[in-house]
Amino acid sequence: MVRGLALRGRTAAAARWCTCRRVAVAVCLGNLAAALLVARALYAPGTFASATKRGEAKYSREQVRWVEESIRIRRAAEPAELIEAVKKLRKAFAREEKRRKELPLELKQKVSREILQRLRDLGENRNTTEQREAMESWRVEKLKYIRSSSTQNLSNFGLSSDESRMLKRALDFNWRMLLEDIGLWIPTTVYHIEHDDKPENEQEEEEIVPGPPLPPECNAELHTDYGGTAVRWGLTHHKENAADCCQACIDHAKRAKPGALKCNIWVYCPSEFGCYSPDKYEHKHQECWLKQADHPKLNFKDRYSEPYRDSHPTAPVVVPWMSGVFSA
């Protein structure tokens, strides 16, 4: 009985093993067949061409027109003129770099010494136009000497043939670059010419002063600054308008004690941006200065002169103050 049970167990195990092996073999054969079919479909002659032909997209005339229109708009939006200008600039810079050769250091130093000596011979207190003319005269003389001198004379002068050729090219075509290389720069002269286009018989527009009209006794003068001894400092004495400043001077003279200084000059700052003065203080809008002088003297009238503005760079063109003097 025991032997029969053992024999039955071995038979069942063998049957199970055979079943699993068959299943595995069947699966492998199925995978292999599928792989062969896929390979045949991909690499068979005419298959890719037929697939491509079947995959071709068909566009309507309207869609083709849209594509052509978008291409045309994209090409039109390209900055063709700018691109062409950049190409020309690059070519010009390339030619300039090719033409510009660096002068030897010793030759640059020799040129700078000669130019500085020419400027010293010119003398001090010369304007930029005269200095520029002196340098141009030196350049012309040097070019003339190089062109007319022989190789022997140039060698005696301390120039080889290559150096003389390079210096001639620099003086002829790259004069400004040569000046930059040796560190010499002279500012350009600016000429300012005022044109009076106003008709002869046309009257000037009367300038409007903020505030109530000033009474005649104030003797108000626009763009005027009178000097005198300050009886009330404007830094701490502000008035809303020129009329109030004038009235403050009148009131001060009335209330002054015997022997005290009486106000007879008022100076007011009507500009919202403040008023210029050569002292160290910052004078602001609505400052009202009360002054006294037996013989009032003008500090400034209408415009500051050009020599004054040259020595005082912060001074404006027009005098911003307004003033008045009471008659005795």
# chains A, B, ... in the order shown; residues from 1 in each chain; ligands from 1
$ residues_around --residues "segment 130-144 of chain A" --least-positions-apart "5" --cutoff "9 Å" --atoms "only C-alpha atoms" --output "PyMOL selection string"
chain A and resi 114-115+118-119+122+149+167-168+171-172+175+186
$ residues_around --residues "segment 225-228 of chain A" --least-positions-apart "4" --cutoff "7 Å" --atoms "only C-alpha atoms" --output "PyMOL selection string"
chain A and resi 267+291-293+296-301+321-323
$ write_last_selection --atoms "N, CA and C atoms" --output "PDB file, in the first residue's frame"
ATOM      1  N   VAL A 267      13.501 143.081  -1.014  1.00  0.00           N
ATOM      2  CA  VAL A 267      13.950 142.120  -2.021  1.00  0.00           C
ATOM      3  C   VAL A 267      13.184 140.824  -1.783  1.00  0.00           C
ATOM      4  N   LYS A 291      15.973 145.715   3.712  1.00  0.00           N
ATOM      5  CA  LYS A 291      17.313 146.287   3.758  1.00  0.00           C
ATOM      6  C   LYS A 291      17.244 147.801   3.897  1.00  0.00           C
ATOM      7  N   GLN A 292      18.410 148.369   4.227  1.00  0.00           N
ATOM      8  CA  GLN A 292      18.525 149.823   4.326  1.00  0.00           C
ATOM      9  C   GLN A 292      19.833 150.261   3.695  1.00  0.00           C
ATOM     10  N   ALA A 293      19.776 151.321   2.899  1.00  0.00           N
ATOM     11  CA  ALA A 293      20.977 151.903   2.303  1.00  0.00           C
ATOM     12  C   ALA A 293      20.697 153.357   1.996  1.00  0.00           C
ATOM     13  N   PRO A 296      21.175 153.343  -2.374  1.00  0.00           N
ATOM     14  CA  PRO A 296      20.960 151.965  -2.847  1.00  0.00           C
ATOM     15  C   PRO A 296      21.780 151.656  -4.106  1.00  0.00           C
ATOM     16  N   LYS A 297      22.357 150.484  -4.082  1.00  0.00           N
ATOM     17  CA  LYS A 297      23.221 150.067  -5.180  1.00  0.00           C
ATOM     18  C   LYS A 297      22.741 148.733  -5.723  1.00  0.00           C
ATOM     19  N   LEU A 298      22.728 148.636  -7.036  1.00  0.00           N
ATOM     20  CA  LEU A 298      22.309 147.387  -7.676  1.00  0.00           C
ATOM     21  C   LEU A 298      23.376 146.315  -7.527  1.00  0.00           C
ATOM     22  N   ASN A 299      22.926 145.130  -7.095  1.00  0.00           N
ATOM     23  CA  ASN A 299      23.819 143.974  -7.149  1.00  0.00           C
ATOM     24  C   ASN A 299      23.766 143.340  -8.539  1.00  0.00           C
ATOM     25  N   PHE A 300      22.549 143.017  -8.985  1.00  0.00           N
ATOM     26  CA  PHE A 300      22.360 142.387 -10.291  1.00  0.00           C
ATOM     27  C   PHE A 300      21.061 142.905 -10.892  1.00  0.00           C
ATOM     28  N   LYS A 301      21.050 142.952 -12.243  1.00  0.00           N
ATOM     29  CA  LYS A 301      19.875 143.458 -12.940  1.00  0.00           C
ATOM     30  C   LYS A 301      19.676 142.644 -14.221  1.00  0.00           C
ATOM     31  N   TRP A 321      15.389 137.397  -8.546  1.00  0.00           N
ATOM     32  CA  TRP A 321      14.832 138.248  -7.504  1.00  0.00           C
ATOM     33  C   TRP A 321      14.012 139.392  -8.102  1.00  0.00           C
ATOM     34  N   MET A 322      13.141 139.950  -7.275  1.00  0.00           N
ATOM     35  CA  MET A 322      12.496 141.227  -7.604  1.00  0.00           C
ATOM     36  C   MET A 322      12.653 142.145  -6.393  1.00  0.00           C
ATOM     37  N   SER A 323      12.785 143.447  -6.650  1.00  0.00           N
ATOM     38  CA  SER A 323      13.125 144.387  -5.580  1.00  0.00           C
ATOM     39  C   SER A 323      12.373 145.692  -5.783  1.00  0.00           C
TER      40      SER A 323
END
$ select_by_dssp --residues "segment 75-285 of chain A" --states "strand (DSSP E)" --output "list of chain:residue names"
A:Ala220, A:Glu221, A:Leu222, A:Thr224, A:Asp225, A:Tyr226, A:Gly227, A:Gly228, A:Thr229, A:Ala230, A:Val231, A:Arg232, A:Ile265, A:Trp266, A:Val267, A:Tyr268
$ write_last_selection --atoms "N, CA and C atoms" --output "PDB file, in the first residue's frame"
ATOM      1  N   ALA A 220       8.359 148.537  -7.724  1.00  0.00           N
ATOM      2  CA  ALA A 220       8.797 147.158  -7.973  1.00  0.00           C
ATOM      3  C   ALA A 220       9.565 147.046  -9.284  1.00  0.00           C
ATOM      4  N   GLU A 221      10.654 146.313  -9.243  1.00  0.00           N
ATOM      5  CA  GLU A 221      11.486 146.046 -10.421  1.00  0.00           C
ATOM      6  C   GLU A 221      11.719 144.537 -10.503  1.00  0.00           C
ATOM      7  N   LEU A 222      11.278 143.945 -11.614  1.00  0.00           N
ATOM      8  CA  LEU A 222      11.486 142.513 -11.810  1.00  0.00           C
ATOM      9  C   LEU A 222      12.939 142.216 -12.149  1.00  0.00           C
ATOM     10  N   THR A 224      15.634 141.929 -10.384  1.00  0.00           N
ATOM     11  CA  THR A 224      16.522 142.946  -9.822  1.00  0.00           C
ATOM     12  C   THR A 224      16.886 142.556  -8.397  1.00  0.00           C
ATOM     13  N   ASP A 225      18.138 142.786  -8.029  1.00  0.00           N
ATOM     14  CA  ASP A 225      18.618 142.500  -6.673  1.00  0.00           C
ATOM     15  C   ASP A 225      19.417 143.708  -6.189  1.00  0.00           C
ATOM     16  N   TYR A 226      18.876 144.412  -5.204  1.00  0.00           N
ATOM     17  CA  TYR A 226      19.565 145.564  -4.617  1.00  0.00           C
ATOM     18  C   TYR A 226      20.316 145.129  -3.366  1.00  0.00           C
ATOM     19  N   GLY A 227      21.454 145.770  -3.144  1.00  0.00           N
ATOM     20  CA  GLY A 227      22.236 145.519  -1.940  1.00  0.00           C
ATOM     21  C   GLY A 227      21.885 146.500  -0.843  1.00  0.00           C
ATOM     22  N   GLY A 228      22.366 146.219   0.345  1.00  0.00           N
ATOM     23  CA  GLY A 228      22.112 147.079   1.487  1.00  0.00           C
ATOM     24  C   GLY A 228      22.292 146.309   2.784  1.00  0.00           C
ATOM     25  N   THR A 229      22.188 147.035   3.893  1.00  0.00           N
ATOM     26  CA  THR A 229      22.304 146.404   5.204  1.00  0.00           C
ATOM     27  C   THR A 229      20.973 145.753   5.559  1.00  0.00           C
ATOM     28  N   ALA A 230      21.003 144.467   5.893  1.00  0.00           N
ATOM     29  CA  ALA A 230      19.773 143.738   6.193  1.00  0.00           C
ATOM     30  C   ALA A 230      19.244 144.141   7.568  1.00  0.00           C
ATOM     31  N   VAL A 231      18.015 144.630   7.591  1.00  0.00           N
ATOM     32  CA  VAL A 231      17.343 144.907   8.871  1.00  0.00           C
ATOM     33  C   VAL A 231      16.395 143.767   9.240  1.00  0.00           C
ATOM     34  N   ARG A 232      16.114 142.893   8.287  1.00  0.00           N
ATOM     35  CA  ARG A 232      15.348 141.678   8.559  1.00  0.00           C
ATOM     36  C   ARG A 232      15.782 140.614   7.555  1.00  0.00           C
ATOM     37  N   ILE A 265      14.478 149.321   1.320  1.00  0.00           N
ATOM     38  CA  ILE A 265      14.683 148.397   0.198  1.00  0.00           C
ATOM     39  C   ILE A 265      14.040 147.058   0.567  1.00  0.00           C
ATOM     40  N   TRP A 266      13.261 146.534  -0.319  1.00  0.00           N
ATOM     41  CA  TRP A 266      12.721 145.182  -0.125  1.00  0.00           C
ATOM     42  C   TRP A 266      13.135 144.309  -1.305  1.00  0.00           C
ATOM     43  N   VAL A 267      13.501 143.081  -1.014  1.00  0.00           N
ATOM     44  CA  VAL A 267      13.950 142.120  -2.021  1.00  0.00           C
ATOM     45  C   VAL A 267      13.184 140.824  -1.783  1.00  0.00           C
ATOM     46  N   TYR A 268      12.513 140.344  -2.833  1.00  0.00           N
ATOM     47  CA  TYR A 268      11.601 139.206  -2.680  1.00  0.00           C
ATOM     48  C   TYR A 268      11.966 138.114  -3.692  1.00  0.00           C
TER      49      TYR A 268
END
$ atom_distance --atom1 "atom CA of Ser311 of chain A" --atom2 "atom CA of Cys269 of chain A"
23.1 Å
$ atom_distance --atom1 "atom CA of Ile208 of chain A" --atom2 "atom CA of Pro313 of chain A"
28.1 Å
$ select_by_dssp --residues "segment 129-313 of chain A" --states "helix (DSSP H, G or I)" --output "MDAnalysis selection string"
chainID A and resid 129:148 151:157 161:173 175:181 216:218 234:236 242:255 306:311
$ atom_distance --atom1 "atom CA of Gln247 of chain A" --atom2 "atom CA of Tyr281 of chain A"
24.9 Å
$ decode --residues "segment 215-251 of chain A" --atoms "N, CA, C and O atoms" --output "short mmCIF file (atom, residue, chain, number, x, y, z; two decimals), in the first residue's frame"
data_model
loop_
_atom_site.label_atom_id
_atom_site.label_comp_id
_atom_site.auth_asym_id
_atom_site.auth_seq_id
_atom_site.Cartn_x
_atom_site.Cartn_y
_atom_site.Cartn_z
N PRO A 215 1.36 148.42 -5.06
CA PRO A 215 1.10 149.86 -5.15
C PRO A 215 2.28 150.59 -5.79
O PRO A 215 3.42 150.11 -5.75
N PRO A 216 2.04 151.73 -6.38
CA PRO A 216 3.12 152.46 -7.07
C PRO A 216 4.29 152.80 -6.17
O PRO A 216 5.45 152.85 -6.63
N GLU A 217 4.02 153.07 -4.88
CA GLU A 217 5.12 153.48 -4.01
C GLU A 217 6.13 152.37 -3.75
O GLU A 217 7.21 152.60 -3.24
N CYS A 218 5.77 151.12 -4.11
CA CYS A 218 6.72 150.02 -3.92
C CYS A 218 7.86 150.07 -4.94
O CYS A 218 8.93 149.49 -4.70
N ASN A 219 7.62 150.75 -6.08
CA ASN A 219 8.65 150.87 -7.12
C ASN A 219 9.24 149.50 -7.49
O ASN A 219 10.46 149.29 -7.53
N ALA A 220 8.36 148.54 -7.72
CA ALA A 220 8.80 147.16 -7.97
C ALA A 220 9.57 147.05 -9.28
O ALA A 220 9.18 147.63 -10.30
N GLU A 221 10.65 146.31 -9.24
CA GLU A 221 11.49 146.05 -10.42
C GLU A 221 11.72 144.54 -10.50
O GLU A 221 12.27 143.94 -9.57
N LEU A 222 11.28 143.94 -11.61
CA LEU A 222 11.49 142.51 -11.81
C LEU A 222 12.94 142.22 -12.15
O LEU A 222 13.66 143.06 -12.72
N HIS A 223 13.38 141.01 -11.80
CA HIS A 223 14.74 140.53 -12.10
C HIS A 223 15.79 141.54 -11.63
O HIS A 223 16.68 141.95 -12.37
N THR A 224 15.63 141.93 -10.38
CA THR A 224 16.52 142.95 -9.82
C THR A 224 16.89 142.56 -8.40
O THR A 224 16.04 142.06 -7.64
N ASP A 225 18.14 142.79 -8.03
CA ASP A 225 18.62 142.50 -6.67
C ASP A 225 19.42 143.71 -6.19
O ASP A 225 20.49 143.99 -6.71
N TYR A 226 18.88 144.41 -5.20
CA TYR A 226 19.56 145.56 -4.62
C TYR A 226 20.32 145.13 -3.37
O TYR A 226 19.88 144.24 -2.63
N GLY A 227 21.45 145.77 -3.14
CA GLY A 227 22.24 145.52 -1.94
C GLY A 227 21.89 146.50 -0.84
O GLY A 227 21.18 147.49 -1.06
N GLY A 228 22.37 146.22 0.35
CA GLY A 228 22.11 147.08 1.49
C GLY A 228 22.29 146.31 2.78
O GLY A 228 22.50 145.09 2.79
N THR A 229 22.19 147.03 3.89
CA THR A 229 22.30 146.40 5.20
C THR A 229 20.97 145.75 5.56
O THR A 229 19.92 146.40 5.52
N ALA A 230 21.00 144.47 5.89
CA ALA A 230 19.77 143.74 6.19
C ALA A 230 19.24 144.14 7.57
O ALA A 230 19.94 144.01 8.57
N VAL A 231 18.02 144.63 7.59
CA VAL A 231 17.34 144.91 8.87
C VAL A 231 16.39 143.77 9.24
O VAL A 231 15.91 143.70 10.38
N ARG A 232 16.11 142.89 8.29
CA ARG A 232 15.35 141.68 8.56
C ARG A 232 15.78 140.61 7.56
O ARG A 232 15.66 140.80 6.35
N TRP A 233 16.31 139.52 8.11
CA TRP A 233 16.84 138.47 7.25
C TRP A 233 15.71 137.68 6.61
O TRP A 233 14.79 137.21 7.28
N GLY A 234 15.83 137.50 5.29
CA GLY A 234 14.80 136.77 4.57
C GLY A 234 14.81 135.27 4.80
O GLY A 234 13.82 134.58 4.51
N LEU A 235 15.92 134.74 5.34
CA LEU A 235 15.97 133.30 5.59
C LEU A 235 14.87 132.87 6.56
O LEU A 235 14.34 131.76 6.46
N THR A 236 14.54 133.75 7.49
CA THR A 236 13.50 133.43 8.48
C THR A 236 12.30 134.36 8.35
O THR A 236 11.44 134.38 9.24
N HIS A 237 12.23 135.10 7.23
CA HIS A 237 11.15 136.08 7.06
C HIS A 237 10.52 135.84 5.69
O HIS A 237 11.04 136.29 4.67
N HIS A 238 9.43 135.10 5.67
CA HIS A 238 8.76 134.75 4.42
C HIS A 238 7.41 135.46 4.32
O HIS A 238 6.72 135.64 5.34
N LYS A 239 7.07 135.85 3.10
CA LYS A 239 5.78 136.49 2.84
C LYS A 239 5.11 135.78 1.65
O LYS A 239 5.77 135.25 0.77
N GLU A 240 3.77 135.81 1.67
CA GLU A 240 3.00 135.10 0.65
C GLU A 240 3.23 135.65 -0.75
O GLU A 240 3.21 134.91 -1.72
N ASN A 241 3.46 136.95 -0.87
CA ASN A 241 3.62 137.56 -2.19
C ASN A 241 4.46 138.82 -2.06
O ASN A 241 4.82 139.25 -0.95
N ALA A 242 4.79 139.41 -3.20
CA ALA A 242 5.65 140.59 -3.23
C ALA A 242 4.97 141.80 -2.58
O ALA A 242 5.64 142.63 -1.94
N ALA A 243 3.65 141.90 -2.73
CA ALA A 243 2.94 143.03 -2.12
C ALA A 243 3.07 143.00 -0.60
O ALA A 243 3.27 144.04 0.05
N ASP A 244 2.97 141.82 -0.02
CA ASP A 244 3.13 141.70 1.44
C ASP A 244 4.55 142.03 1.86
O ASP A 244 4.76 142.61 2.94
N CYS A 245 5.53 141.67 1.04
CA CYS A 245 6.92 141.98 1.37
C CYS A 245 7.14 143.49 1.34
O CYS A 245 7.80 144.05 2.23
N CYS A 246 6.59 144.15 0.33
CA CYS A 246 6.70 145.60 0.24
C CYS A 246 6.04 146.27 1.45
O CYS A 246 6.59 147.20 2.05
N GLN A 247 4.86 145.77 1.83
CA GLN A 247 4.15 146.34 2.97
C GLN A 247 4.92 146.13 4.26
O GLN A 247 4.92 146.99 5.16
N ALA A 248 5.63 144.98 4.35
CA ALA A 248 6.44 144.72 5.54
C ALA A 248 7.55 145.75 5.67
O ALA A 248 7.88 146.20 6.79
N CYS A 249 8.12 146.17 4.54
CA CYS A 249 9.17 147.19 4.58
C CYS A 249 8.59 148.54 5.02
O CYS A 249 9.20 149.26 5.82
N ILE A 250 7.40 148.86 4.51
CA ILE A 250 6.75 150.12 4.90
C ILE A 250 6.46 150.11 6.40
O ILE A 250 6.72 151.10 7.12
N ASP A 251 5.92 149.01 6.90
CA ASP A 251 5.59 148.90 8.33
C ASP A 251 6.85 148.99 9.18
O ASP A 251 6.84 149.60 10.27
#
